[in-house]
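Heads up: the structure comes next, in structure tokens.
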Amino acid sequence: MSKGLPKRSEDYSAWYNELVKKADLAENSPVRGSMVIKPYGFSIWEKMQSALDKMFKDTGHTNAYFPLFIPKSYLSKEADHVEGFAKECAIVTHYRLKNSEDGRGVIVDPDAKLEEELIVRPTSETVIWSTYRNWIQSYRDLPLLINQWANVVRWEMRTRLFLRTAEFLWQEGHTAHESKQEAEEETIRMLNVYAEFAENFMALPVLKGIKTENERFAGAVDTYCIEALMQDGKALQAGTSHFLGQNFAKAFDVKFANKEGGMDFVWGTSWGVSTRLIGGLIMAHSDDNGLVLPPKLAPIQVVIVPIIKGSDQLQQIAEKVEPIIKNLREKNITVKFDDRDTHKPGWKFAEYELKGVPVRLAMGPRDLENGTIEIARRDTFEKQVLPIEEAVSKIEELLKDIQENIFTKASQFRNEMTSEASSFEEFEELLETKGGFIKAHWDGTTETEERIKDKTKATIRCILLDEPEENGSCIFSGKPSKRKVVFARAY
RNA sequence: CGGGGUGUAGCGCAGUCCGGUUAGCGCACCUGGUUUGGGACCAGGGGGUCGCAGGUUCGAAUCCUGCCACCCCGACCA
């Protein structure tokens with residue numbers, strides 16, 4: 001039993017907050033809205049990074065780095081873009097401090113005011129497109145496929161660890177293409193990369209769709225997204241991929257000489273996922289005992305806990321498990337042998353459950369006598385004792401099995417929590433009693449979307465890419481609708 | 001910025017209404033010992049500008065005034 005972790009059924013949001021802290025993932029920092037990502041939490045991010053980075057490289061992208069600071073004037077070059085981000089920017093106005101007159105600290109030196117204020121990037125389209133202008137002259141320079149791993153700042157009013165913080169880590173891909181079609185293909189390609197990552201690595205089933213005009217990225221022509229469902233029935237936008245059209249090319253005058261000898265504006269995309277994914281990972285799989293991590297992203301995949309009566313026994317156990325450890329490491333399975341004598345086995349069991357380590361081995365005096373080892377899995381708590389020679393193959397099997405099992409579990413949950421509403425009454429009823437994704441007809445207007453949001457707090461998460469056309473009438477206005485869209489209350 | 005709440009040891013809290021020894025409890029921490037198959041036990045120990053600044057009083061964590069910070073609920077958002 002976990003000590004002091006609230007139950008999901010009683011207070012989901014307290015459960016989440018406590019879990020993040022107790023599992024050593026992150027904590028609040030002295031600055032409101034920004035967090036310290038602790039080593040265990042950062043290890044998960046590193047695993048995400050390395051899997052995603054490989055997928056980006058495999059699709060032809062290379063990494064670069066663009067500056068944190070953006071001249072204020074850049075932001076205003078694309079009208080929708082500035083409109084979207086102006087309300088949440090941190091601004092650098094000065095470059096020097098000095099001792100205060102009363103000697104009680106330092107103050108901003110009024111003589112050190114910047115000619116032009118700098119914006120701490122909320123995203124990097126502007127600085128990147130101003131750079132691309134110099135990099136692109138001819139169709140031979142295209143496509144330009146670049147990604148950067150960076151931090152960004154969006155001054156949020158209300159923040160939550162991982163889900164919404166003022167500063168967060170992410171990757172942002174920015175590409176330039178010679179044709180509209182190519183850019184659109186890229187947008188979808190990266191959306192698919194995200195969906196594949198979510199499902200294969202995070203064991204998180206996602207919906208792929210396109211955002212309504214209202215929810216679209218500021219400056220994009222189309223915004224595509226992957227949407228996941230959390231255990232409390234709320235949706236989480238897990239990644240976005242934008243088709244930028246020629247908006248930024250026009251704003252920053254990025255033209256290229258085409259094959260016919262004329263000049264064209266390039267076509268752009270941008271796409272990103274952030275440390276928010278860690279929040280989604282936690283909320284999708286974990287239970288009242290702590291984290292449940294998919295083996296592919298778990299910082300420690302296997303932990304070995306010795307159960308001992310004296311130091312000579314520890315020595316014997318260490319010798320027995322040594323070949324297992326070696327064998328696992330050769331197979332790139334991360335394993336930790338916890339031989340600390342400062343904590344009892346029961347304490348360690350609870351601790352590693354809290355931290356979501358997928359597989360736990362335990363070896364004690366009985367095992368030494370019998371040549372066996374106990375293997376326990378985190379997702380189902382099943383335990384079994386088997387001959388020590390079978391340990392490694394069993395572990396490999398379990399890691400695969402756990403990865404699949406939690407994906408299946410999450411998929412079943414998502415399916416059970418996806419409903420359809422044919423009237424507004426039914427819609428409201430479903431939202432109140434069940435939550436989850438609700439498919440319903442919508443007349444396509446922002447006004448209706450907004451009014452539904454005001455009344456119910458539910459938003460249109462996306463229009464599914466594979467949703468078939470189907471004539472119907474809007475649940476709110478009764479006007480004709482061509483297809484159902486997906487609603488949910490969201491993070 | 002509106003509504004509500006909280007500031008006391010690293011964390012969680014009691015004490016505040018009704019002022020009065022050296023400010024207390026649980027967890028965590030340190031030392032020694034016994035323990036170790038699901039969060040051990042015993043003994044000892046360290047750790048506090050009671051959010052800050054004034055004021056009332058013989059005496060303030062406690063009463064008064066002002067300020068600050070943080071949390072929760074709303075308006076904005078990956």
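Order determines the names: the first chain of the structure tokens is A, the second B, and so forth; residues in each chain are numbered 1 upward, and ligands are numbered 1 upward as they are shown.
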- Query: Counting only C-alpha atoms (C1' of nucleotides), which residues from chain B have an atom at most 10 Å from any atom of chain A, and could you show them as a list in words?
  - Reply: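 Residues passing the distance filter: U35, U36, G37, G38, G39, A40, C70, A75, C76, C77 and A78 of chain B.
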**Study point:** Residue contacts of Lys21 of chain A (12 Å, only C-alpha atoms (C1' of nucleotides)) excluding same-chain residues fewer than 6 positions away, as a PyMOL selection string
**Key:** (chain A and resi 4-5+14-15+27-28+35-38+40-41+160-162+282+290-291+354-355) or (chain B and resi 11)
Store the residues of this selection in a file with C-alpha atoms (C1' of nucleotides), as an mmCIF file, in the first residue's frame.
data_model
loop_
_atom_site.group_PDB
_atom_site.id
_atom_site.type_symbol
_atom_site.label_atom_id
_atom_site.label_comp_id
_atom_site.auth_asym_id
_atom_site.auth_seq_id
_atom_site.Cartn_x
_atom_site.Cartn_y
_atom_site.Cartn_z
ATOM 1 C CA GLY A 4 -0.039 9.038 1.648
ATOM 2 C CA LEU A 5 -0.892 8.971 -2.043
ATOM 3 C CA ALA A 14 -4.457 15.753 -5.850
ATOM 4 C CA TRP A 15 -3.439 12.218 -6.805
ATOM 5 C CA GLU A 27 8.854 19.854 -7.916
ATOM 6 C CA ASN A 28 7.880 23.487 -7.856
ATOM 7 C CA MET A 35 9.375 23.639 -12.205
ATOM 8 C CA VAL A 36 12.465 21.698 -11.350
ATOM 9 C CA ILE A 37 12.551 18.456 -13.291
ATOM 10 C CA LYS A 38 14.289 15.983 -11.012
ATOM 11 C CA TYR A 40 14.085 10.537 -12.363
ATOM 12 C CA GLY A 41 11.638 12.709 -14.295
ATOM 13 C CA ARG A 160 0.448 22.465 -13.156
ATOM 14 C CA LEU A 161 3.586 20.378 -13.073
ATOM 15 C CA PHE A 162 4.327 19.052 -16.575
ATOM 16 C CA ILE A 282 1.436 9.606 -15.773
ATOM 17 C CA GLY A 290 2.110 5.016 -7.951
ATOM 18 C CA LEU A 291 3.492 5.299 -11.444
ATOM 19 C CA LEU A 354 5.653 4.220 -6.561
ATOM 20 C CA LYS A 355 8.304 4.858 -9.187
ATOM 21 C "C1'" C B 11 7.407 17.696 4.651
#
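Across the model, the gap from atom CA of Cys225 of chain A to atom CA of Val193 of chain A is 11.4 Å.
Separating atom CA of Ser477 of chain A from atom CA of Thr223 of chain A is a distance of 25.1 Å.
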Closest of B:C73, B:G66, B:C17, B:G32 to C52 of chain B, counting only C-alpha atoms (C1' of nucleotides), is B:G66
Secondary structure check, helix (DSSP H, G or I) residues of segment 345-414 of chain A, as a ChimeraX atom specification:
/A:345-354,365-370,388-414
